[in-house]
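Text of the file target_38.cif, holding mmCIF, C-alpha atoms:
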data_input
#
loop_
_atom_site.label_atom_id
_atom_site.label_comp_id
_atom_site.auth_asym_id
_atom_site.auth_seq_id
_atom_site.Cartn_x
_atom_site.Cartn_y
_atom_site.Cartn_z
CA MET A 1141 -117.22 -28.12 -88.31
CA THR A 1142 -116.69 -31.65 -89.54
CA ARG A 1143 -119.43 -34.12 -90.42
CA ILE A 1144 -119.15 -37.46 -88.63
CA SER A 1145 -121.26 -40.58 -88.94
CA LEU A 1146 -120.91 -43.53 -86.63
CA THR A 1147 -122.81 -46.25 -84.83
CA VAL A 1148 -123.32 -45.80 -81.10
CA ASP A 1149 -124.88 -48.61 -79.10
CA GLY A 1150 -126.38 -50.01 -82.27
CA ALA A 1151 -127.91 -46.75 -83.55
CA ARG A 1152 -126.62 -44.80 -86.56
CA VAL A 1153 -125.84 -41.18 -85.68
CA SER A 1154 -124.57 -38.30 -87.78
CA ASP A 1155 -123.55 -34.84 -86.57
CA ASP A 1156 -121.50 -31.78 -87.36
CA VAL A 1157 -118.86 -31.40 -84.65
CA GLU A 1158 -115.90 -29.18 -83.93
CA PRO A 1159 -112.71 -31.16 -84.58
CA ARG A 1160 -111.61 -30.46 -81.01
CA MET A 1161 -114.66 -32.20 -79.51
CA LEU A 1162 -113.63 -35.24 -77.47
CA LEU A 1163 -115.50 -38.49 -78.00
CA VAL A 1164 -116.66 -38.46 -74.36
CA GLN A 1165 -118.15 -34.99 -74.80
CA TYR A 1166 -119.88 -36.09 -77.96
CA LEU A 1167 -121.39 -39.10 -76.21
CA ARG A 1168 -122.54 -37.15 -73.18
CA GLU A 1169 -123.43 -33.71 -74.52
CA ARG A 1170 -124.73 -34.51 -78.01
CA LEU A 1171 -126.16 -37.98 -77.57
CA GLY A 1172 -127.12 -37.67 -73.89
CA LYS A 1173 -125.28 -40.89 -73.07
CA THR A 1174 -124.28 -39.79 -69.59
CA GLY A 1175 -123.69 -43.37 -68.48
CA THR A 1176 -120.13 -42.80 -69.67
CA VAL A 1177 -118.57 -40.49 -67.10
CA ILE A 1178 -115.58 -38.15 -67.05
CA GLY A 1179 -113.30 -38.88 -64.11
CA CYS A 1180 -109.84 -37.41 -64.23
CA ASP A 1181 -109.94 -35.83 -67.70
CA THR A 1182 -106.23 -36.61 -68.03
CA SER A 1183 -106.49 -40.13 -69.54
CA ASN A 1184 -105.38 -41.74 -66.29
CA CYS A 1185 -108.47 -43.04 -64.52
CA GLY A 1186 -110.34 -45.02 -67.18
CA ALA A 1187 -113.83 -44.00 -65.96
CA CYS A 1188 -114.70 -42.90 -69.51
CA THR A 1189 -113.76 -46.25 -71.12
CA VAL A 1190 -115.91 -47.28 -74.08
CA HIS A 1191 -115.33 -49.70 -76.95
CA LEU A 1192 -114.35 -48.26 -80.33
CA ASN A 1193 -114.41 -50.78 -83.16
CA GLY A 1194 -114.35 -53.60 -80.65
CA SER A 1195 -111.48 -52.42 -78.44
CA SER A 1196 -111.53 -50.47 -75.19
CA VAL A 1197 -110.41 -46.84 -75.36
CA LYS A 1198 -110.43 -43.88 -73.00
CA SER A 1199 -113.04 -41.67 -74.64
CA CYS A 1200 -111.54 -38.51 -73.09
CA ASN A 1201 -108.43 -39.28 -75.14
CA VAL A 1202 -110.05 -39.75 -78.54
CA LEU A 1203 -111.43 -37.00 -80.77
CA ALA A 1204 -114.99 -37.50 -81.98
CA VAL A 1205 -113.72 -37.00 -85.56
CA GLN A 1206 -111.31 -39.92 -85.06
CA ALA A 1207 -114.34 -42.16 -84.40
CA ASP A 1208 -115.94 -41.18 -87.73
CA GLY A 1209 -117.15 -44.29 -89.54
CA GLY A 1210 -116.61 -46.40 -86.44
CA GLU A 1211 -118.69 -48.38 -84.03
CA VAL A 1212 -118.91 -47.32 -80.39
CA THR A 1213 -120.34 -49.32 -77.52
CA THR A 1214 -120.90 -47.60 -74.19
CA ILE A 1215 -122.06 -48.97 -70.86
CA GLU A 1216 -125.58 -48.09 -72.03
CA GLY A 1217 -125.33 -50.50 -74.92
CA LEU A 1218 -124.25 -53.59 -73.01
CA ALA A 1219 -127.63 -54.84 -71.81
CA GLN A 1220 -129.62 -56.73 -74.45
CA ASP A 1221 -133.42 -56.93 -74.43
CA GLY A 1222 -133.60 -55.76 -70.83
CA GLN A 1223 -131.10 -58.36 -69.70
CA LEU A 1224 -127.96 -57.06 -68.03
CA HIS A 1225 -124.67 -58.16 -69.56
CA PRO A 1226 -123.10 -61.00 -67.53
CA VAL A 1227 -120.30 -58.66 -66.41
CA GLN A 1228 -122.88 -56.13 -65.18
CA GLU A 1229 -124.67 -58.94 -63.34
CA ALA A 1230 -121.39 -60.08 -61.81
CA PHE A 1231 -120.56 -56.58 -60.52
CA ARG A 1232 -123.98 -56.49 -58.85
CA GLU A 1233 -123.69 -60.01 -57.50
CA CYS A 1234 -120.19 -59.49 -56.06
CA HIS A 1235 -120.79 -55.91 -54.91
CA GLY A 1236 -118.02 -54.76 -57.25
CA LEU A 1237 -118.71 -51.11 -56.56
CA GLN A 1238 -118.90 -48.67 -53.71
CA CYS A 1239 -119.60 -45.11 -54.89
CA GLY A 1240 -120.07 -46.42 -58.42
CA TYR A 1241 -118.25 -43.67 -60.28
CA CYS A 1242 -115.54 -45.87 -61.79
CA THR A 1243 -118.06 -48.65 -62.54
CA PRO A 1244 -118.97 -47.87 -66.18
CA GLY A 1245 -115.28 -47.83 -67.13
CA MET A 1246 -114.45 -50.85 -64.97
CA ILE A 1247 -117.20 -52.88 -66.61
CA MET A 1248 -116.28 -51.82 -70.15
CA GLN A 1249 -112.63 -52.68 -69.55
CA SER A 1250 -113.57 -55.98 -67.88
CA VAL A 1251 -115.67 -56.93 -70.92
CA ASP A 1252 -112.70 -56.09 -73.19
CA LEU A 1253 -110.37 -58.15 -70.99
CA LEU A 1254 -112.69 -61.17 -71.06
CA ASN A 1255 -113.11 -60.85 -74.84
CA THR A 1256 -109.36 -61.32 -75.29
CA ASN A 1257 -108.76 -63.60 -72.30
CA PRO A 1258 -111.91 -65.50 -71.26
CA ASN A 1259 -110.20 -67.17 -68.28
CA PRO A 1260 -107.84 -64.65 -66.72
CA SER A 1261 -105.93 -65.36 -63.51
CA GLU A 1262 -106.35 -62.95 -60.63
CA GLN A 1263 -103.03 -61.34 -61.58
CA GLU A 1264 -104.11 -61.00 -65.22
CA ILE A 1265 -107.33 -59.30 -64.09
CA ARG A 1266 -105.40 -56.84 -61.95
CA VAL A 1267 -102.98 -56.07 -64.80
CA GLY A 1268 -105.85 -55.91 -67.29
CA LEU A 1269 -107.62 -53.29 -65.17
CA GLU A 1270 -104.40 -51.33 -64.56
CA GLY A 1271 -105.75 -48.32 -66.45
CA ASN A 1272 -108.87 -48.04 -64.32
CA LEU A 1273 -108.72 -46.38 -60.93
CA CYS A 1274 -111.22 -46.87 -58.09
CA ARG A 1275 -110.84 -44.06 -55.55
CA CYS A 1276 -112.93 -46.03 -53.04
CA THR A 1277 -110.11 -48.62 -53.42
CA GLY A 1278 -112.76 -51.29 -53.93
CA TYR A 1279 -110.51 -53.36 -56.15
CA HIS A 1280 -110.96 -56.61 -54.27
CA ASN A 1281 -114.62 -57.06 -55.14
CA ILE A 1282 -114.08 -55.74 -58.65
CA VAL A 1283 -111.56 -58.53 -59.25
CA LYS A 1284 -113.99 -61.02 -57.72
CA ALA A 1285 -116.74 -59.77 -60.05
CA VAL A 1286 -114.54 -60.34 -63.09
CA GLN A 1287 -113.66 -63.83 -61.84
CA HIS A 1288 -117.36 -64.48 -61.27
CA ALA A 1289 -118.21 -63.31 -64.78
CA ALA A 1290 -115.42 -65.42 -66.26
CA GLY A 1291 -116.88 -68.45 -64.51
CA GLN A 1292 -120.12 -67.77 -66.39
CA GLY A 1293 -118.23 -67.62 -69.66
CA ALA A 1294 -118.92 -63.94 -70.22
CA THR A 1295 -117.97 -62.65 -73.64
CA SER A 1296 -119.83 -60.38 -75.97
CA MET B 31 -110.55 -29.63 -70.35
CA ILE B 32 -111.09 -28.88 -74.00
CA PRO B 33 -108.35 -28.24 -76.56
CA ALA B 34 -108.07 -24.90 -78.32
CA GLN B 35 -109.76 -24.76 -81.71
CA PHE B 36 -108.01 -26.33 -84.65
CA ASP B 37 -108.78 -27.42 -88.18
CA TYR B 38 -108.60 -31.11 -88.97
CA MET B 39 -107.91 -33.28 -91.96
CA ALA B 40 -107.56 -37.02 -92.35
CA PRO B 41 -105.73 -37.80 -95.61
CA THR B 42 -105.80 -41.34 -96.93
CA SER B 43 -102.30 -41.46 -98.41
CA VAL B 44 -98.82 -40.48 -97.22
CA GLU B 45 -98.49 -38.24 -100.29
CA ASP B 46 -101.62 -36.28 -99.35
CA ALA B 47 -100.40 -36.00 -95.76
CA LEU B 48 -97.03 -34.67 -96.96
CA ALA B 49 -98.78 -32.14 -99.20
CA ALA B 50 -100.85 -30.96 -96.23
CA LEU B 51 -97.70 -30.65 -94.10
CA ALA B 52 -96.02 -28.61 -96.84
CA GLU B 53 -99.05 -26.32 -97.09
CA HIS B 54 -99.52 -25.66 -93.37
CA GLY B 55 -95.89 -25.72 -92.23
CA ASP B 56 -95.30 -24.78 -88.60
CA ASP B 57 -99.03 -24.39 -87.96
CA ALA B 58 -99.62 -28.10 -88.48
CA LYS B 59 -99.20 -31.04 -86.16
CA ILE B 60 -99.40 -34.72 -87.03
CA ILE B 61 -101.66 -36.91 -84.90
CA ALA B 62 -101.02 -40.66 -84.89
CA GLY B 63 -102.90 -42.46 -82.10
CA GLY B 64 -103.03 -39.23 -80.13
CA GLN B 65 -102.44 -40.80 -76.72
CA SER B 66 -99.63 -38.36 -75.91
CA LEU B 67 -100.78 -35.46 -78.08
CA LEU B 68 -104.38 -35.19 -76.86
CA PRO B 69 -103.43 -34.64 -73.20
CA VAL B 70 -101.01 -31.94 -74.37
CA LEU B 71 -103.74 -30.27 -76.43
CA ARG B 72 -106.27 -30.50 -73.61
CA MET B 73 -103.89 -28.83 -71.21
CA ARG B 74 -103.19 -26.29 -73.96
CA LEU B 75 -99.47 -26.82 -73.73
CA ASN B 76 -99.60 -26.78 -77.53
CA ALA B 77 -102.20 -25.26 -79.83
CA PRO B 78 -101.57 -26.14 -83.48
CA GLU B 79 -103.92 -24.58 -86.04
CA MET B 80 -104.12 -27.72 -88.17
CA ILE B 81 -104.17 -31.34 -87.06
CA ILE B 82 -103.29 -33.88 -89.75
CA ASP B 83 -104.57 -37.33 -88.75
CA LEU B 84 -102.66 -40.30 -90.14
CA GLY B 85 -105.33 -42.71 -88.84
CA ARG B 86 -106.95 -43.21 -92.25
CA ILE B 87 -103.75 -44.20 -94.08
CA GLU B 88 -103.99 -47.98 -94.28
CA SER B 89 -100.52 -48.41 -95.81
CA LEU B 90 -98.97 -47.25 -92.51
CA ARG B 91 -100.42 -50.20 -90.58
CA GLY B 92 -99.16 -53.73 -90.31
CA ILE B 93 -96.10 -55.87 -89.64
CA ARG B 94 -94.23 -57.83 -92.29
CA ASP B 95 -91.26 -60.12 -92.67
CA ASP B 96 -88.57 -58.63 -94.87
CA GLY B 97 -85.74 -61.14 -94.88
CA ASP B 98 -83.22 -60.11 -92.26
CA ALA B 99 -85.58 -57.62 -90.64
CA ILE B 100 -89.19 -57.26 -89.59
CA VAL B 101 -90.92 -54.05 -90.64
CA ILE B 102 -93.46 -52.39 -88.38
CA GLY B 103 -95.78 -49.78 -89.94
CA ALA B 104 -95.69 -46.51 -88.02
CA MET B 105 -99.45 -46.52 -87.39
CA THR B 106 -99.59 -50.06 -86.03
CA PRO B 107 -101.20 -49.92 -82.57
CA HIS B 108 -99.16 -51.09 -79.57
CA ALA B 109 -101.70 -53.85 -78.85
CA VAL B 110 -101.11 -55.32 -82.33
CA VAL B 111 -97.32 -55.09 -82.00
CA GLY B 112 -97.46 -56.65 -78.54
CA SER B 113 -99.40 -59.71 -79.69
CA ASP B 114 -97.69 -60.18 -83.05
CA PRO B 115 -95.94 -63.57 -83.48
CA LEU B 116 -93.28 -62.17 -85.87
CA VAL B 117 -92.28 -59.54 -83.32
CA ALA B 118 -92.27 -62.12 -80.53
CA GLU B 119 -90.02 -64.44 -82.54
CA HIS B 120 -87.55 -61.96 -84.01
CA ALA B 121 -87.65 -58.90 -81.74
CA ALA B 122 -88.84 -60.23 -78.39
CA LEU B 123 -87.46 -57.17 -76.63
CA ILE B 124 -90.17 -55.05 -78.26
CA SER B 125 -92.93 -57.49 -77.19
CA LYS B 126 -91.63 -57.37 -73.62
CA ALA B 127 -91.52 -53.55 -73.53
CA VAL B 128 -95.01 -53.18 -75.04
CA GLU B 129 -96.40 -55.40 -72.27
CA HIS B 130 -95.38 -52.70 -69.79
CA LEU B 131 -96.33 -49.68 -71.88
CA ALA B 132 -99.15 -47.59 -70.33
CA ASP B 133 -102.40 -49.59 -70.00
CA ALA B 134 -104.67 -51.70 -72.19
CA GLN B 135 -106.84 -48.82 -73.41
CA ILE B 136 -103.83 -46.68 -74.35
CA ARG B 137 -102.22 -49.67 -76.11
CA HIS B 138 -105.35 -50.01 -78.28
CA ARG B 139 -105.08 -46.42 -79.56
CA GLY B 140 -101.40 -45.52 -79.25
CA THR B 141 -99.12 -46.40 -82.16
CA PHE B 142 -95.60 -47.75 -82.47
CA GLY B 143 -94.41 -44.96 -84.77
CA GLY B 144 -96.29 -42.26 -82.93
CA ALA B 145 -94.63 -43.09 -79.63
CA LEU B 146 -91.16 -43.22 -81.21
CA ALA B 147 -91.68 -39.96 -83.11
CA HIS B 148 -92.91 -38.31 -79.90
CA ALA B 149 -89.50 -39.21 -78.41
CA ASP B 150 -90.39 -38.85 -74.76
CA PRO B 151 -87.18 -39.89 -72.98
CA ALA B 152 -89.40 -41.78 -70.51
CA GLY B 153 -91.22 -43.57 -73.33
CA ASP B 154 -90.90 -47.36 -73.29
CA LEU B 155 -90.06 -48.00 -76.95
CA GLY B 156 -86.93 -45.90 -77.52
CA ALA B 157 -84.54 -48.07 -75.51
CA PRO B 158 -85.64 -51.34 -77.18
CA ALA B 159 -85.48 -49.74 -80.65
CA LEU B 160 -81.99 -48.47 -79.89
CA ALA B 161 -80.80 -51.76 -78.41
CA LEU B 162 -82.06 -53.69 -81.46
CA GLY B 163 -80.44 -51.27 -83.91
CA ALA B 164 -83.76 -50.32 -85.53
CA GLU B 165 -83.81 -48.23 -88.70
CA PHE B 166 -86.37 -45.48 -89.18
CA VAL B 167 -87.88 -45.01 -92.63
CA ILE B 168 -88.82 -41.37 -93.11
CA GLN B 169 -90.70 -40.03 -96.12
CA GLY B 170 -90.64 -36.46 -97.41
CA SER B 171 -91.68 -34.75 -100.62
CA GLY B 172 -88.23 -35.53 -102.05
CA GLY B 173 -88.44 -39.25 -101.34
CA THR B 174 -87.61 -41.71 -98.62
CA ARG B 175 -84.55 -41.93 -96.37
CA THR B 176 -83.51 -44.33 -93.65
CA VAL B 177 -82.04 -43.17 -90.34
CA ALA B 178 -80.20 -45.47 -87.92
CA ALA B 179 -81.47 -45.60 -84.33
CA ASP B 180 -78.21 -44.03 -83.13
CA ASP B 181 -79.01 -40.91 -85.19
CA PHE B 182 -82.80 -40.88 -84.79
CA PHE B 183 -83.11 -39.62 -81.22
CA VAL B 184 -81.71 -36.09 -81.19
CA ASP B 185 -82.89 -34.55 -77.91
CA LEU B 186 -85.84 -34.26 -75.55
CA PHE B 187 -88.95 -34.80 -77.74
CA GLU B 188 -86.79 -34.25 -80.82
CA THR B 189 -85.94 -36.74 -83.57
CA ALA B 190 -84.32 -36.72 -86.99
CA ILE B 191 -87.76 -36.41 -88.61
CA GLY B 192 -87.90 -33.05 -90.42
CA ASP B 193 -90.86 -30.66 -90.13
CA ASP B 194 -91.96 -31.64 -93.64
CA GLU B 195 -91.46 -35.39 -93.19
CA ILE B 196 -93.39 -38.38 -91.83
CA LEU B 197 -92.12 -41.55 -90.17
CA THR B 198 -93.66 -44.37 -92.22
CA GLU B 199 -92.13 -47.56 -90.85
CA VAL B 200 -89.48 -48.99 -88.57
CA ARG B 201 -87.18 -51.81 -89.70
CA VAL B 202 -86.01 -54.01 -86.86
CA PRO B 203 -83.09 -56.35 -87.61
CA LYS B 204 -84.02 -59.90 -86.62
CA HIS B 205 -82.65 -61.04 -83.29
CA THR B 206 -84.06 -64.55 -83.59
CA GLY B 207 -83.29 -66.70 -80.58
CA TRP B 208 -82.07 -63.81 -78.44
CA GLY B 209 -83.46 -63.70 -74.91
CA ALA B 210 -85.08 -60.43 -73.92
CA HIS B 211 -86.31 -58.59 -70.86
CA TYR B 212 -87.65 -55.11 -70.09
CA GLU B 213 -87.19 -54.11 -66.46
CA LYS B 214 -89.28 -51.06 -65.61
CA PHE B 215 -89.25 -49.22 -62.32
CA VAL B 216 -92.40 -47.24 -61.50
CA ARG B 217 -94.03 -45.98 -58.36
CA VAL B 218 -97.55 -45.89 -59.78
CA ALA B 219 -99.21 -48.47 -62.04
CA HIS B 220 -99.33 -47.71 -65.79
CA GLN B 221 -97.07 -44.68 -65.51
CA TRP B 222 -93.86 -43.69 -67.25
CA PRO B 223 -90.76 -45.38 -65.86
CA ILE B 224 -88.54 -43.55 -63.43
CA VAL B 225 -85.84 -45.67 -65.09
CA ALA B 226 -86.19 -48.75 -67.25
CA VAL B 227 -83.68 -51.09 -68.88
CA ALA B 228 -84.17 -53.03 -72.12
CA ALA B 229 -81.79 -55.97 -72.45
CA THR B 230 -81.46 -58.59 -75.14
CA VAL B 231 -78.90 -61.37 -75.01
CA ARG B 232 -77.60 -64.08 -77.32
CA ALA B 233 -76.52 -66.84 -74.99
CA ASP B 234 -74.35 -69.73 -76.07
CA GLY B 235 -74.39 -72.68 -73.69
CA GLY B 236 -74.61 -70.71 -70.47
CA THR B 237 -72.27 -67.96 -71.67
CA ILE B 238 -73.30 -64.52 -72.92
CA ALA B 239 -72.08 -64.29 -76.51
CA GLU B 240 -73.55 -60.84 -77.26
CA ALA B 241 -75.68 -58.39 -75.31
CA ARG B 242 -77.48 -55.15 -76.13
CA VAL B 243 -78.67 -52.87 -73.35
CA GLY B 244 -80.87 -49.78 -73.79
CA LEU B 245 -81.69 -47.31 -71.03
CA THR B 246 -84.98 -45.39 -70.63
CA ASN B 247 -85.09 -42.00 -68.90
CA MET B 248 -81.35 -41.79 -68.20
CA GLY B 249 -80.84 -38.68 -70.33
CA SER B 250 -82.62 -36.50 -72.87
CA THR B 251 -82.75 -39.45 -75.29
CA PRO B 252 -82.74 -43.23 -74.92
CA LEU B 253 -79.17 -44.45 -74.46
CA ARG B 254 -77.10 -47.58 -75.05
CA ALA B 255 -75.08 -48.90 -72.09
CA ARG B 256 -72.11 -49.64 -74.33
CA ALA B 257 -69.52 -50.25 -71.60
CA THR B 258 -71.85 -52.82 -70.06
CA GLU B 259 -72.48 -54.46 -73.43
CA ALA B 260 -68.75 -54.84 -74.07
CA ALA B 261 -68.08 -56.17 -70.58
CA LEU B 262 -70.87 -58.75 -70.82
CA ALA B 263 -69.43 -60.59 -73.81
CA GLY B 264 -67.99 -63.91 -72.68
CA GLN B 265 -69.41 -63.72 -69.15
CA PRO B 266 -71.40 -66.58 -67.61
CA ALA B 267 -75.15 -66.00 -67.93
CA THR B 268 -75.61 -65.83 -64.16
CA GLU B 269 -76.16 -63.11 -61.62
CA ASP B 270 -72.51 -63.28 -60.54
CA GLY B 271 -71.35 -63.21 -64.14
CA VAL B 272 -73.42 -60.13 -64.92
CA ARG B 273 -72.81 -58.14 -61.74
CA ALA B 274 -69.53 -56.41 -62.63
CA ALA B 275 -70.64 -55.44 -66.13
CA ALA B 276 -73.93 -54.01 -64.80
CA GLU B 277 -71.93 -51.71 -62.50
CA GLN B 278 -70.92 -49.76 -65.62
CA ALA B 279 -74.51 -49.23 -66.82
CA ALA B 280 -74.72 -45.57 -65.81
CA GLU B 281 -71.46 -44.56 -67.49
CA GLY B 282 -71.93 -41.69 -69.90
CA THR B 283 -75.53 -41.05 -68.85
CA ASN B 284 -77.02 -37.72 -67.80
CA PRO B 285 -80.22 -38.58 -65.94
CA PRO B 286 -82.71 -35.91 -64.82
CA SER B 287 -83.43 -34.99 -61.22
CA ASP B 288 -87.10 -34.53 -60.45
CA LEU B 289 -89.78 -35.40 -57.89
CA ASN B 290 -89.40 -39.09 -58.69
CA GLY B 291 -85.70 -39.20 -57.95
CA GLU B 292 -82.35 -37.44 -58.04
CA ALA B 293 -79.83 -38.19 -60.78
CA ASP B 294 -77.69 -40.28 -58.40
CA TYR B 295 -80.68 -42.40 -57.49
CA ARG B 296 -81.39 -42.98 -61.18
CA ARG B 297 -77.77 -44.05 -61.76
CA HIS B 298 -78.15 -46.54 -58.93
CA LEU B 299 -81.40 -47.79 -60.47
CA ALA B 300 -79.75 -48.16 -63.87
CA ARG B 301 -77.09 -50.46 -62.40
CA VAL B 302 -79.55 -52.59 -60.42
CA LEU B 303 -82.15 -52.80 -63.18
CA THR B 304 -79.48 -53.62 -65.77
CA ARG B 305 -78.30 -56.56 -63.67
CA ARG B 306 -81.88 -57.83 -63.32
CA ALA B 307 -82.74 -57.27 -66.97
CA VAL B 308 -79.61 -58.96 -68.35
CA VAL B 309 -79.92 -61.94 -66.01
CA ALA B 310 -83.57 -62.38 -66.99
CA ALA B 311 -82.78 -61.96 -70.71
CA ALA B 312 -79.96 -64.50 -70.47
CA GLY B 313 -82.24 -66.94 -68.72
CA GLY B 314 -79.81 -67.09 -65.78
#
Would you write the structure of this file as structure tokens?
Amino acid sequence: MTRISLTVDGARVSDDVEPRMLLVQYLRERLGKTGTVIGCDTSNCGACTVHLNGSSVKSCNVLAVQADGGEVTTIEGLAQDGQLHPVQEAFRECHGLQCGYCTPGMIMQSVDLLNTNPNPSEQEIRVGLEGNLCRCTGYHNIVKAVQHAAGQGATS
Amino acid sequence: MIPAQFDYMAPTSVEDALAALAEHGDDAKIIAGGQSLLPVLRMRLNAPEMIIDLGRIESLRGIRDDGDAIVIGAMTPHAVVGSDPLVAEHAALISKAVEHLADAQIRHRGTFGGALAHADPAGDLGAPALALGAEFVIQGSGGTRTVAADDFFVDLFETAIGDDEILTEVRVPKHTGWGAHYEKFVRVAHQWPIVAVAATVRADGGTIAEARVGLTNMGSTPLRARATEAALAGQPATEDGVRAAAEQAAEGTNPPSDLNGEADYRRHLARVLTRRAVVAAAGG
């Protein structure tokens, strides 16, 4: 067991974990943060995307021990004071989801994209979301949601 | 999928990491960004007893100007390399290849040195490193040695790094003012290339003065298309000028046959992609 201490969605947490525990397992099974989902489990689909120290990562492809000392933001930490994040609002407004399974990862990656490029072109949005798969193939409205959010000047 | 059990340590200096490697020998595996290793561990294709994480060694991160070369720390993430102005100015071929490497999330975690040390023949950084004549700085308990790109890639997933050594940095000779292009052929977004071509060109008034061409996934290691390079010198920087030289791009290669394509198909791709990459790099 290895002791880790980190900040998750603004709260300090500290736990003994097996070194082999993946960050996504830690978030879901230890902290109960099931808003972050496991999709493919092969680091392809991006459903498990969270932010680690300010950058998007696939949390099924990071060990919990690698996040020791770091700061993690999940989909559950985006809303502030009961107000949805502008990207969350935009996904709702533009119907940027069908079954909703890819949505937590799509939103986390969209927020990362807009943090580095506040006014992306449609092509830049599609390339920026390349690592996130939507098996409903609902990409069109997802891209529209990101454009909508960009119009509102969404950054966090 | 959960990896098999292992012990873990995260040393904060290269010396401590080398000591750990010496102590655990064959049972140990280095983890850099882990973007290739973790899938392997999860699928239990490998089950080391000790994982030594280089992620806490600050001296392995960063990019610096060193006169006639730029030096990229082995643990520098792809995203940092890809947006670095020094790399863009002096080794544009690397910036271009990083743009096409995996996806944004993987580029945040994956590292320049980790990908090169992993030596996947379908990896996107080997061909640019080879084409630019990069030098690999490798540290062991006995000191530091430098290995030329031509000698670094030994075989499939095998490099000149010894079991008791660590890749610390990569020196890339400056190619200031050279045009560059990475032409990658994939069937599925953010995947490994079926074939890719890394080309960098020094053009002189519409004529190709010098060209370097690296091939991805055309053998068990990245390869240089040397016949093409030689034939390009002195040619006009246009599609017609490049065409004949690009026809030699597959010479001396030994591409794999798999579900993505037979060897012959890959040779064809190498010729076509080389023409496109060189023309784009030459600005023609």
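When only C-alpha atoms are used to measure the gap to Leu1273 (chain A), the shortest distance among B:Leu245, B:Ala310, B:Ala219, B:Val302 belongs to B:Ala219.
The interatomic distance for the pair CA of Gln1249 (chain A) and CA of Leu68 (chain B) works out to 20.7 Å.
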Within 7 Å of chain A, which residues belong to chain B? Use only C-alpha atoms and report them as a PDB file with C-alpha atoms, in the coordinates of the input.
ATOM      1  CA  MET B  31    -110.550 -29.630 -70.350  1.00  0.00           C
ATOM      2  CA  PRO B  33    -108.350 -28.240 -76.560  1.00  0.00           C
ATOM      3  CA  GLN B  35    -109.760 -24.760 -81.710  1.00  0.00           C
ATOM      4  CA  PHE B  36    -108.010 -26.330 -84.650  1.00  0.00           C
ATOM      5  CA  ASP B  37    -108.780 -27.420 -88.180  1.00  0.00           C
ATOM      6  CA  TYR B  38    -108.600 -31.110 -88.970  1.00  0.00           C
ATOM      7  CA  GLN B  65    -102.440 -40.800 -76.720  1.00  0.00           C
ATOM      8  CA  LEU B  68    -104.380 -35.190 -76.860  1.00  0.00           C
ATOM      9  CA  PRO B  69    -103.430 -34.640 -73.200  1.00  0.00           C
ATOM     10  CA  ASP B 133    -102.400 -49.590 -70.000  1.00  0.00           C
ATOM     11  CA  ALA B 134    -104.670 -51.700 -72.190  1.00  0.00           C
ATOM     12  CA  GLN B 135    -106.840 -48.820 -73.410  1.00  0.00           C
ATOM     13  CA  ILE B 136    -103.830 -46.680 -74.350  1.00  0.00           C
ATOM     14  CA  HIS B 138    -105.350 -50.010 -78.280  1.00  0.00           C
ATOM     15  CA  ARG B 139    -105.080 -46.420 -79.560  1.00  0.00           C
ATOM     16  CA  ALA B 219     -99.210 -48.470 -62.040  1.00  0.00           C
ATOM     17  CA  HIS B 220     -99.330 -47.710 -65.790  1.00  0.00           C
TER      18      HIS B 220
END
Expand the PyMOL selection byres ((chain B and resi 285) around 12) into the explicit residue set it covers here, and present it as JSON, numbers by chain. {"B": [151, 152, 186, 224, 225, 226, 245, 246, 247, 248, 249, 250, 251, 252, 253, 280, 281, 282, 283, 284, 286, 287, 288, 290, 291, 292, 293, 294, 295, 296, 297, 298, 299, 300]}
Translate the PyMOL selection byres ((chain B and resi 181-185) around 10), as applied to the file shown, into an explicit residue set as a PDB file with C-alpha atoms, in the frame of the given file.
ATOM      1  CA  LEU B 146     -91.160 -43.220 -81.210  1.00  0.00           C
ATOM      2  CA  ALA B 147     -91.680 -39.960 -83.110  1.00  0.00           C
ATOM      3  CA  HIS B 148     -92.910 -38.310 -79.900  1.00  0.00           C
ATOM      4  CA  ALA B 149     -89.500 -39.210 -78.410  1.00  0.00           C
ATOM      5  CA  ASP B 150     -90.390 -38.850 -74.760  1.00  0.00           C
ATOM      6  CA  PRO B 151     -87.180 -39.890 -72.980  1.00  0.00           C
ATOM      7  CA  GLY B 156     -86.930 -45.900 -77.520  1.00  0.00           C
ATOM      8  CA  LEU B 160     -81.990 -48.470 -79.890  1.00  0.00           C
ATOM      9  CA  ALA B 164     -83.760 -50.320 -85.530  1.00  0.00           C
ATOM     10  CA  GLU B 165     -83.810 -48.230 -88.700  1.00  0.00           C
ATOM     11  CA  PHE B 166     -86.370 -45.480 -89.180  1.00  0.00           C
ATOM     12  CA  THR B 176     -83.510 -44.330 -93.650  1.00  0.00           C
ATOM     13  CA  VAL B 177     -82.040 -43.170 -90.340  1.00  0.00           C
ATOM     14  CA  ALA B 178     -80.200 -45.470 -87.920  1.00  0.00           C
ATOM     15  CA  ALA B 179     -81.470 -45.600 -84.330  1.00  0.00           C
ATOM     16  CA  ASP B 180     -78.210 -44.030 -83.130  1.00  0.00           C
ATOM     17  CA  LEU B 186     -85.840 -34.260 -75.550  1.00  0.00           C
ATOM     18  CA  PHE B 187     -88.950 -34.800 -77.740  1.00  0.00           C
ATOM     19  CA  GLU B 188     -86.790 -34.250 -80.820  1.00  0.00           C
ATOM     20  CA  THR B 189     -85.940 -36.740 -83.570  1.00  0.00           C
ATOM     21  CA  ALA B 190     -84.320 -36.720 -86.990  1.00  0.00           C
ATOM     22  CA  ILE B 191     -87.760 -36.410 -88.610  1.00  0.00           C
ATOM     23  CA  GLY B 249     -80.840 -38.680 -70.330  1.00  0.00           C
ATOM     24  CA  SER B 250     -82.620 -36.500 -72.870  1.00  0.00           C
ATOM     25  CA  THR B 251     -82.750 -39.450 -75.290  1.00  0.00           C
ATOM     26  CA  PRO B 252     -82.740 -43.230 -74.920  1.00  0.00           C
ATOM     27  CA  LEU B 253     -79.170 -44.450 -74.460  1.00  0.00           C
TER      28      LEU B 253
END
